[in-house]
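**Student:** Contents of final23.cif (mmCIF, N, CA and C atoms and all ligand atoms) are given next:
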data_coords
#
loop_
_atom_site.label_atom_id
_atom_site.label_comp_id
_atom_site.auth_asym_id
_atom_site.auth_seq_id
_atom_site.Cartn_x
_atom_site.Cartn_y
_atom_site.Cartn_z
N ALA I 33 57.81 -79.59 42.00
CA ALA I 33 56.42 -79.14 42.23
C ALA I 33 56.12 -77.93 41.37
N VAL I 34 54.89 -77.84 40.95
CA VAL I 34 54.48 -76.77 40.05
C VAL I 34 53.28 -76.06 40.65
N VAL I 35 53.27 -74.74 40.57
CA VAL I 35 52.11 -74.01 41.06
C VAL I 35 51.17 -73.79 39.88
N SER I 36 49.98 -74.32 39.96
CA SER I 36 49.03 -74.19 38.85
C SER I 36 48.40 -72.81 38.85
N GLU I 37 47.58 -72.54 37.83
CA GLU I 37 46.93 -71.23 37.68
C GLU I 37 46.15 -70.84 38.93
N CYS I 38 45.58 -71.83 39.59
CA CYS I 38 44.74 -71.53 40.74
C CYS I 38 45.50 -71.63 42.06
N GLY I 39 46.78 -71.75 41.97
CA GLY I 39 47.60 -71.69 43.17
C GLY I 39 47.84 -72.99 43.89
N SER I 40 47.21 -74.07 43.43
CA SER I 40 47.46 -75.33 44.11
C SER I 40 48.79 -75.91 43.62
N VAL I 41 49.41 -76.66 44.49
CA VAL I 41 50.72 -77.20 44.13
C VAL I 41 50.58 -78.64 43.66
N GLN I 42 51.11 -78.88 42.48
CA GLN I 42 51.03 -80.22 41.92
C GLN I 42 52.41 -80.84 41.93
N ASN I 43 52.48 -82.04 42.35
CA ASN I 43 53.77 -82.71 42.33
C ASN I 43 53.78 -83.73 41.19
N LEU I 44 54.50 -83.39 40.13
CA LEU I 44 54.48 -84.25 38.95
C LEU I 44 55.62 -85.27 39.00
N GLU I 45 55.59 -86.07 40.03
CA GLU I 45 56.58 -87.13 40.16
C GLU I 45 55.85 -88.38 40.61
N LYS I 46 56.32 -89.51 40.14
CA LYS I 46 55.60 -90.75 40.43
C LYS I 46 56.48 -91.94 40.13
N ALA I 47 56.25 -93.02 40.81
CA ALA I 47 56.97 -94.25 40.51
C ALA I 47 56.09 -95.45 40.81
N GLY I 48 56.28 -96.51 40.08
CA GLY I 48 55.53 -97.73 40.34
C GLY I 48 55.80 -98.78 39.28
N ILE I 49 55.17 -99.91 39.47
CA ILE I 49 55.32 -101.01 38.52
C ILE I 49 54.24 -100.89 37.44
N LEU I 50 54.65 -101.00 36.18
CA LEU I 50 53.71 -101.03 35.06
C LEU I 50 54.17 -102.11 34.08
N ASN I 51 53.25 -102.55 33.26
CA ASN I 51 53.64 -103.42 32.15
C ASN I 51 53.90 -102.54 30.95
N LYS I 52 54.98 -102.78 30.26
CA LYS I 52 55.27 -101.94 29.09
C LYS I 52 55.85 -102.78 27.94
N THR I 53 55.61 -102.26 26.75
CA THR I 53 56.29 -102.83 25.59
C THR I 53 56.60 -101.70 24.62
N LYS I 54 57.73 -101.82 23.99
CA LYS I 54 58.04 -100.89 22.91
C LYS I 54 57.23 -101.35 21.70
N VAL I 55 56.72 -100.43 20.91
CA VAL I 55 56.04 -100.84 19.67
C VAL I 55 56.69 -100.23 18.44
N CYS I 56 57.39 -99.10 18.63
CA CYS I 56 58.10 -98.48 17.51
C CYS I 56 59.42 -97.91 17.98
N GLU I 57 60.41 -98.03 17.13
CA GLU I 57 61.71 -97.45 17.41
C GLU I 57 62.18 -96.77 16.13
N ASN I 58 62.59 -95.52 16.23
CA ASN I 58 62.97 -94.72 15.06
C ASN I 58 61.89 -94.78 13.98
N GLY I 59 60.62 -94.78 14.43
CA GLY I 59 59.51 -94.77 13.50
C GLY I 59 59.22 -96.12 12.85
N LYS I 60 59.96 -97.14 13.25
CA LYS I 60 59.75 -98.47 12.67
C LYS I 60 59.11 -99.39 13.69
N LYS I 61 58.12 -100.16 13.25
CA LYS I 61 57.43 -101.07 14.13
C LYS I 61 58.36 -102.17 14.62
N VAL I 62 58.30 -102.46 15.90
CA VAL I 62 59.10 -103.57 16.43
C VAL I 62 58.17 -104.58 17.09
N ARG I 63 58.65 -105.79 17.24
CA ARG I 63 57.83 -106.84 17.85
C ARG I 63 57.61 -106.53 19.33
N LYS I 64 56.37 -106.70 19.75
CA LYS I 64 56.05 -106.43 21.16
C LYS I 64 56.75 -107.41 22.09
N ASN I 65 57.10 -106.91 23.24
CA ASN I 65 57.67 -107.76 24.28
C ASN I 65 57.23 -107.16 25.62
N TRP I 66 56.07 -107.59 26.08
CA TRP I 66 55.52 -107.04 27.33
C TRP I 66 56.36 -107.48 28.52
N THR I 67 56.79 -106.53 29.32
CA THR I 67 57.49 -106.88 30.56
C THR I 67 57.05 -105.93 31.66
N GLN I 68 57.16 -106.42 32.89
CA GLN I 68 56.88 -105.59 34.05
C GLN I 68 58.09 -104.73 34.31
N THR I 69 57.87 -103.43 34.43
CA THR I 69 59.03 -102.58 34.70
C THR I 69 58.73 -101.57 35.79
N TRP I 70 59.75 -101.27 36.52
CA TRP I 70 59.72 -100.21 37.51
C TRP I 70 59.78 -98.93 36.70
N THR I 71 58.75 -98.10 36.85
CA THR I 71 58.58 -96.92 36.01
C THR I 71 58.67 -95.67 36.88
N VAL I 72 59.48 -94.72 36.47
CA VAL I 72 59.71 -93.53 37.28
C VAL I 72 59.49 -92.27 36.45
N LEU I 73 58.68 -91.36 36.98
CA LEU I 73 58.52 -90.05 36.36
C LEU I 73 59.22 -89.04 37.24
N HIS I 74 60.19 -88.37 36.66
CA HIS I 74 60.97 -87.40 37.43
C HIS I 74 61.52 -86.35 36.48
N GLY I 75 61.30 -85.09 36.82
CA GLY I 75 61.86 -84.00 36.02
C GLY I 75 61.43 -84.00 34.56
N GLY I 76 60.17 -84.41 34.31
CA GLY I 76 59.68 -84.39 32.93
C GLY I 76 60.21 -85.51 32.06
N VAL I 77 60.84 -86.49 32.68
CA VAL I 77 61.36 -87.65 31.94
C VAL I 77 60.77 -88.92 32.56
N LEU I 78 60.29 -89.79 31.70
CA LEU I 78 59.76 -91.07 32.17
C LEU I 78 60.81 -92.14 31.89
N THR I 79 61.18 -92.88 32.92
CA THR I 79 62.18 -93.93 32.71
C THR I 79 61.63 -95.29 33.09
N PHE I 80 62.03 -96.26 32.32
CA PHE I 80 61.68 -97.66 32.59
C PHE I 80 62.94 -98.35 33.06
N HIS I 81 62.82 -99.07 34.15
CA HIS I 81 63.99 -99.74 34.72
C HIS I 81 63.82 -101.25 34.62
N LYS I 82 64.91 -101.91 34.50
CA LYS I 82 64.89 -103.37 34.36
C LYS I 82 64.20 -104.03 35.54
N ASP I 83 63.59 -105.15 35.25
CA ASP I 83 62.98 -105.97 36.27
C ASP I 83 64.03 -106.24 37.37
N PRO I 84 63.73 -105.87 38.59
CA PRO I 84 64.70 -106.07 39.68
C PRO I 84 65.27 -107.49 39.71
N LYS I 85 64.43 -108.47 39.34
CA LYS I 85 64.88 -109.87 39.41
C LYS I 85 65.97 -110.17 38.38
N SER I 86 65.98 -109.38 37.29
CA SER I 86 66.97 -109.66 36.25
C SER I 86 68.27 -108.87 36.48
N ALA I 87 68.25 -107.97 37.46
CA ALA I 87 69.47 -107.21 37.77
C ALA I 87 70.34 -108.05 38.70
N PRO I 88 71.65 -107.80 38.67
CA PRO I 88 72.51 -108.55 39.58
C PRO I 88 72.05 -108.37 41.02
N THR I 89 72.23 -109.38 41.82
CA THR I 89 71.76 -109.37 43.21
C THR I 89 72.20 -108.11 43.95
N GLY I 90 71.27 -107.46 44.53
CA GLY I 90 71.57 -106.29 45.35
C GLY I 90 72.03 -105.08 44.56
N ALA I 91 71.92 -105.16 43.24
CA ALA I 91 72.46 -104.06 42.43
C ALA I 91 71.58 -102.81 42.54
N LEU I 92 72.18 -101.77 43.06
CA LEU I 92 71.48 -100.48 43.14
C LEU I 92 71.28 -99.92 41.76
N VAL I 93 72.10 -100.42 40.84
CA VAL I 93 72.11 -99.98 39.46
C VAL I 93 70.71 -99.96 38.82
N ARG I 94 69.88 -100.92 39.25
CA ARG I 94 68.54 -101.00 38.65
C ARG I 94 67.71 -99.75 38.94
N PHE I 95 68.04 -99.07 40.02
CA PHE I 95 67.31 -97.85 40.34
C PHE I 95 67.94 -96.62 39.69
N ILE I 96 69.21 -96.75 39.35
CA ILE I 96 69.93 -95.59 38.86
C ILE I 96 69.97 -95.54 37.34
N VAL I 97 70.33 -96.67 36.75
CA VAL I 97 70.48 -96.70 35.29
C VAL I 97 69.20 -97.22 34.64
N PRO I 98 68.50 -96.36 33.94
CA PRO I 98 67.27 -96.84 33.32
C PRO I 98 67.56 -97.65 32.06
N GLU I 99 66.62 -98.51 31.74
CA GLU I 99 66.69 -99.27 30.49
C GLU I 99 66.34 -98.32 29.34
N VAL I 100 65.31 -97.51 29.56
CA VAL I 100 64.85 -96.56 28.55
C VAL I 100 64.46 -95.26 29.24
N ALA I 101 64.77 -94.13 28.62
CA ALA I 101 64.30 -92.85 29.14
C ALA I 101 63.52 -92.14 28.03
N VAL I 102 62.30 -91.71 28.36
CA VAL I 102 61.49 -91.00 27.37
C VAL I 102 61.31 -89.56 27.86
N ASP I 103 61.90 -88.65 27.11
CA ASP I 103 61.73 -87.23 27.41
C ASP I 103 60.31 -86.83 27.03
N LEU I 104 59.58 -86.32 28.00
CA LEU I 104 58.16 -86.03 27.73
C LEU I 104 57.93 -84.71 27.00
N ARG I 105 59.01 -83.96 26.76
CA ARG I 105 58.84 -82.76 25.93
C ARG I 105 58.52 -83.19 24.51
N GLY I 106 57.39 -82.74 24.01
CA GLY I 106 57.02 -83.10 22.64
C GLY I 106 56.43 -84.50 22.53
N ALA I 107 56.22 -85.15 23.66
CA ALA I 107 55.61 -86.48 23.63
C ALA I 107 54.09 -86.36 23.66
N THR I 108 53.40 -87.44 23.32
CA THR I 108 51.95 -87.46 23.46
C THR I 108 51.55 -88.71 24.23
N ILE I 109 50.46 -88.58 24.96
CA ILE I 109 49.93 -89.73 25.70
C ILE I 109 48.44 -89.83 25.41
N SER I 110 47.97 -91.04 25.16
CA SER I 110 46.54 -91.23 24.92
C SER I 110 46.17 -92.67 25.25
N TRP I 111 44.87 -92.91 25.36
CA TRP I 111 44.41 -94.29 25.55
C TRP I 111 44.56 -95.00 24.22
N ALA I 112 45.11 -96.19 24.25
CA ALA I 112 45.33 -96.94 23.01
C ALA I 112 44.01 -97.51 22.50
N SER I 113 43.88 -97.55 21.19
CA SER I 113 42.66 -98.12 20.60
C SER I 113 42.72 -99.65 20.72
N LYS I 114 41.56 -100.29 20.57
CA LYS I 114 41.42 -101.75 20.68
C LYS I 114 42.37 -102.49 19.73
N GLU I 115 42.68 -101.88 18.59
CA GLU I 115 43.54 -102.55 17.61
C GLU I 115 44.99 -102.65 18.10
N LYS I 116 45.35 -101.77 19.01
CA LYS I 116 46.75 -101.73 19.46
C LYS I 116 47.10 -102.87 20.40
N SER I 117 46.10 -103.32 21.15
CA SER I 117 46.37 -104.40 22.11
C SER I 117 45.07 -105.03 22.56
N SER I 118 45.14 -106.30 22.90
CA SER I 118 43.96 -106.99 23.42
C SER I 118 43.83 -106.78 24.93
N LYS I 119 44.86 -106.16 25.52
CA LYS I 119 44.83 -105.93 26.97
C LYS I 119 43.92 -104.76 27.30
N LYS I 120 43.51 -104.70 28.59
CA LYS I 120 42.71 -103.55 29.01
C LYS I 120 43.61 -102.48 29.63
N ASN I 121 43.09 -101.28 29.70
CA ASN I 121 43.79 -100.15 30.35
C ASN I 121 45.17 -99.89 29.73
N VAL I 122 45.20 -99.72 28.44
CA VAL I 122 46.47 -99.53 27.73
C VAL I 122 46.65 -98.08 27.31
N LEU I 123 47.80 -97.53 27.66
CA LEU I 123 48.14 -96.17 27.25
C LEU I 123 49.19 -96.22 26.15
N GLU I 124 49.09 -95.26 25.24
CA GLU I 124 50.04 -95.17 24.13
C GLU I 124 50.89 -93.94 24.35
N LEU I 125 52.17 -94.14 24.48
CA LEU I 125 53.10 -93.02 24.71
C LEU I 125 53.99 -92.87 23.49
N LYS I 126 53.87 -91.71 22.85
CA LYS I 126 54.70 -91.45 21.68
C LYS I 126 55.71 -90.38 22.01
N GLY I 127 56.96 -90.74 21.95
CA GLY I 127 58.01 -89.76 22.20
C GLY I 127 58.44 -89.12 20.90
N LYS I 128 59.38 -88.19 21.01
CA LYS I 128 59.95 -87.66 19.77
C LYS I 128 60.83 -88.77 19.20
N ASN I 129 61.47 -88.56 18.12
CA ASN I 129 62.39 -89.54 17.51
C ASN I 129 61.73 -90.89 17.19
N GLY I 130 60.41 -90.89 16.96
CA GLY I 130 59.75 -92.12 16.53
C GLY I 130 59.75 -93.27 17.51
N MET I 131 59.82 -92.93 18.81
CA MET I 131 59.76 -93.94 19.88
C MET I 131 58.31 -94.09 20.31
N GLU I 132 57.85 -95.30 20.41
CA GLU I 132 56.47 -95.51 20.83
C GLU I 132 56.37 -96.71 21.77
N PHE I 133 55.67 -96.48 22.87
CA PHE I 133 55.50 -97.53 23.87
C PHE I 133 54.03 -97.71 24.20
N LEU I 134 53.67 -98.91 24.63
CA LEU I 134 52.38 -99.12 25.27
C LEU I 134 52.67 -99.40 26.73
N VAL I 135 51.89 -98.81 27.61
CA VAL I 135 51.99 -99.12 29.03
C VAL I 135 50.62 -99.54 29.53
N GLN I 136 50.61 -100.47 30.44
CA GLN I 136 49.34 -101.10 30.82
C GLN I 136 49.37 -101.55 32.26
N TYR I 137 48.20 -101.51 32.90
CA TYR I 137 48.07 -102.10 34.23
C TYR I 137 46.61 -102.48 34.43
N ASP I 138 46.39 -103.68 34.97
CA ASP I 138 45.01 -104.16 35.10
C ASP I 138 44.15 -103.32 36.04
N THR I 139 44.76 -102.77 37.09
CA THR I 139 43.99 -101.97 38.05
C THR I 139 43.74 -100.58 37.48
N GLU I 140 42.46 -100.28 37.25
CA GLU I 140 42.09 -99.06 36.57
C GLU I 140 42.56 -97.79 37.27
N SER I 141 42.43 -97.76 38.61
CA SER I 141 42.80 -96.55 39.35
C SER I 141 44.29 -96.25 39.19
N ILE I 142 45.08 -97.29 39.11
CA ILE I 142 46.53 -97.09 38.99
C ILE I 142 46.88 -96.51 37.63
N ILE I 143 46.31 -97.06 36.59
CA ILE I 143 46.61 -96.56 35.25
C ILE I 143 46.01 -95.15 35.04
N ASN I 144 44.84 -94.91 35.66
CA ASN I 144 44.25 -93.56 35.58
C ASN I 144 45.16 -92.52 36.21
N ASP I 145 45.76 -92.85 37.34
CA ASP I 145 46.68 -91.92 38.00
C ASP I 145 47.89 -91.63 37.11
N TRP I 146 48.40 -92.68 36.47
CA TRP I 146 49.53 -92.47 35.56
C TRP I 146 49.12 -91.58 34.39
N TYR I 147 47.94 -91.85 33.86
CA TYR I 147 47.45 -91.05 32.72
C TYR I 147 47.41 -89.58 33.10
N LYS I 148 46.81 -89.29 34.27
CA LYS I 148 46.67 -87.90 34.71
C LYS I 148 48.03 -87.22 34.87
N VAL I 149 48.94 -87.89 35.52
CA VAL I 149 50.23 -87.26 35.79
C VAL I 149 51.03 -87.08 34.49
N LEU I 150 50.86 -88.00 33.56
CA LEU I 150 51.58 -87.87 32.28
C LEU I 150 50.99 -86.74 31.44
N VAL I 151 49.67 -86.65 31.43
CA VAL I 151 49.01 -85.55 30.70
C VAL I 151 49.46 -84.20 31.28
N ASP I 152 49.45 -84.10 32.60
CA ASP I 152 49.85 -82.85 33.26
C ASP I 152 51.31 -82.51 32.98
N THR I 153 52.16 -83.52 32.99
CA THR I 153 53.59 -83.28 32.74
C THR I 153 53.80 -82.79 31.31
N ILE I 154 53.14 -83.44 30.37
CA ILE I 154 53.30 -83.06 28.97
C ILE I 154 52.77 -81.64 28.75
N ARG I 155 51.64 -81.33 29.36
CA ARG I 155 51.04 -79.99 29.25
C ARG I 155 51.98 -78.94 29.84
N GLN I 156 52.52 -79.25 30.98
CA GLN I 156 53.42 -78.32 31.66
C GLN I 156 54.69 -78.08 30.83
N ASN I 157 55.17 -79.15 30.21
CA ASN I 157 56.37 -79.06 29.40
C ASN I 157 56.18 -78.14 28.19
N LEU I 158 54.93 -78.02 27.72
CA LEU I 158 54.66 -77.17 26.56
C LEU I 158 55.04 -75.73 26.82
N TYR I 159 54.98 -75.33 28.08
CA TYR I 159 55.21 -73.92 28.40
C TYR I 159 56.65 -73.64 28.81
N LYS I 160 57.49 -74.67 28.75
CA LYS I 160 58.89 -74.51 29.16
C LYS I 160 59.71 -73.88 28.05
O1 LIG I 201 49.78 -106.82 18.44
P1 LIG I 201 50.18 -108.25 18.48
O2 LIG I 201 51.31 -108.57 17.58
O3 LIG I 201 49.02 -109.18 18.34
O4 LIG I 201 50.78 -108.48 19.92
C1 LIG I 201 50.85 -109.67 20.62
C2 LIG I 201 52.13 -110.41 20.36
O5 LIG I 201 53.23 -109.52 20.52
C3 LIG I 201 52.33 -111.56 21.30
O6 LIG I 201 53.59 -112.15 21.15
P2 LIG I 201 54.16 -112.93 19.88
O7 LIG I 201 55.15 -111.92 19.34
O8 LIG I 201 54.81 -114.15 20.37
O9 LIG I 201 53.03 -113.17 18.92
C4 LIG I 201 52.21 -111.16 22.76
O10 LIG I 201 52.34 -112.26 23.59
C5 LIG I 201 50.90 -110.45 23.00
O11 LIG I 201 50.85 -110.05 24.36
C6 LIG I 201 50.70 -109.28 22.08
O12 LIG I 201 49.42 -108.74 22.13
P3 LIG I 201 48.68 -107.84 23.19
O13 LIG I 201 47.28 -107.78 22.63
O14 LIG I 201 48.79 -108.56 24.50
O15 LIG I 201 49.27 -106.46 23.26
#
Please lay out the structure from this file as structure tokens.
Ligand code: I3S
**Tutor:**
Amino acid sequence: AVVSECGSVQNLEKAGILNKTKVCENGKKVRKNWTQTWTVLHGGVLTFHKDPKSAPTGALVRFIVPEVAVDLRGATISWASKEKSSKKNVLELKGKNGMEFLVQYDTESIINDWYKVLVDTIRQNLYK
């Protein structure tokens, strides 16, 4: 939790299902592969976890070992332009090291909440 300038307490942690695809790795474009992933924001790091259905039965591992972890220090988040995807409600997350992801969800309120919390986390990280 973080105490903002005006004294209110913000909890910059969140988890939920989102659709995501990697679009760049080490600054190089990669082929999109949209998948539903369990997405967790914790401690300034965003992690994508494998689809529970593809993990071994009952494996707690899916909650513990992320498929990808994006350190939000030095990352940027913005709404993706129409050229980036034909889907609606698409966010573009650029990490350091030339990592780039698109995240998307059809329900506007859900993606808006993610946008807000990611913007706040990135902003907060600037002062660390
Ligand atoms: O930006 P692109 O290349 O048009 O992205 C689409 C493709 O990745 C497509 O798969 P193929 O690699 O088989 O062409 C995906 O099924 C689409 O979902 C991608 O576009 P959107 O607009 O959905 O991000």
**Student:** Write out, as CSV, each residue of chain I that has an atom at most 6.5 Å from ligand LIG 201 (chain I), together with the closest pair of atoms and their distance in Å to one decimal, counting all atoms listed in the file, rows going by chain and rising number.
**Tutor:**
residue,atom,partner,partner_atom,distance
I:Arg63,C,I:LIG201,O5,5.4
I:Lys64,CA,I:LIG201,O5,4.2
I:Asn65,N,I:LIG201,O5,5.4
I:Trp66,N,I:LIG201,O11,6.0
I:Glu115,C,I:LIG201,O1,6.4
I:Lys116,C,I:LIG201,O15,5.1
I:Ser117,C,I:LIG201,O13,3.5
I:Ser118,N,I:LIG201,O13,2.6
I:Lys119,N,I:LIG201,O13,4.1
**Student:** Please produce a file of those selected residues containing N, CA and C atoms, as a CSV table (one decimal), keeping the file's coordinate frame.
**Tutor:**
chain,number,residue,atom,x,y,z
I,63,ARG,N,58.6,-105.8,17.2
I,63,ARG,CA,57.8,-106.8,17.8
I,63,ARG,C,57.6,-106.5,19.3
I,64,LYS,N,56.4,-106.7,19.8
I,64,LYS,CA,56.0,-106.4,21.2
I,64,LYS,C,56.8,-107.4,22.1
I,65,ASN,N,57.1,-106.9,23.2
I,65,ASN,CA,57.7,-107.8,24.3
I,65,ASN,C,57.2,-107.2,25.6
I,66,TRP,N,56.1,-107.6,26.1
I,66,TRP,CA,55.5,-107.0,27.3
I,66,TRP,C,56.4,-107.5,28.5
I,115,GLU,N,42.7,-101.9,18.6
I,115,GLU,CA,43.5,-102.6,17.6
I,115,GLU,C,45.0,-102.6,18.1
I,116,LYS,N,45.4,-101.8,19.0
I,116,LYS,CA,46.8,-101.7,19.5
I,116,LYS,C,47.1,-102.9,20.4
I,117,SER,N,46.1,-103.3,21.2
I,117,SER,CA,46.4,-104.4,22.1
I,117,SER,C,45.1,-105.0,22.6
I,118,SER,N,45.1,-106.3,22.9
I,118,SER,CA,44.0,-107.0,23.4
I,118,SER,C,43.8,-106.8,24.9
I,119,LYS,N,44.9,-106.2,25.5
I,119,LYS,CA,44.8,-105.9,27.0
I,119,LYS,C,43.9,-104.8,27.3
**Student:** Would you list, as a VMD selection string, the residues of segment 40-160 of chain I that end up in helix (DSSP H, G or I) under DSSP run on this structure's backbone?
**Tutor:** chain I and resid 84 to 86 93 to 96 140 to 158
**Student:** Per DSSP on the backbone, what are the strand (DSSP E or B) residues of segment 35-155 of chain I, as number ranges by chain?
**Tutor:** I: 35, 41-42, 46-57, 60-61, 67-74, 77-81, 100-103, 108-111, 122-126, 132-136
**Student:** What is the distance, in Å and to one decimal place, between atom N of Gln136 of chain I and atom N of Arg105 of chain I?
**Tutor:**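 One can read the atom N of Gln136 of chain I to atom N of Arg105 of chain I distance as 18.9 Å.
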**Student:** Calculated over only C-alpha atoms, which of the candidates I:Thr153, I:Asn121, I:Leu134, I:Thr139 has the smallest distance to Val55 of chain I?
**Tutor:**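 Among I:Thr153, I:Asn121, I:Leu134, I:Thr139, it is I:Leu134 that comes nearest to Val55 of chain I.
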**Student:** Report, in Å to a single decimal, how far apart atom N of Phe80 of chain I and atom C of Glu45 of chain I are.
**Tutor:**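 Interatomic distance here is 13.0 Å.
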**Student:** Hey, which of I:Lys126, I:Met131, I:Leu50, I:His81 ends up closest to Ala107 of chain I? Count all atoms listed in the file.
**Tutor:**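 Nearest to Ala107 of chain I: I:Lys126.
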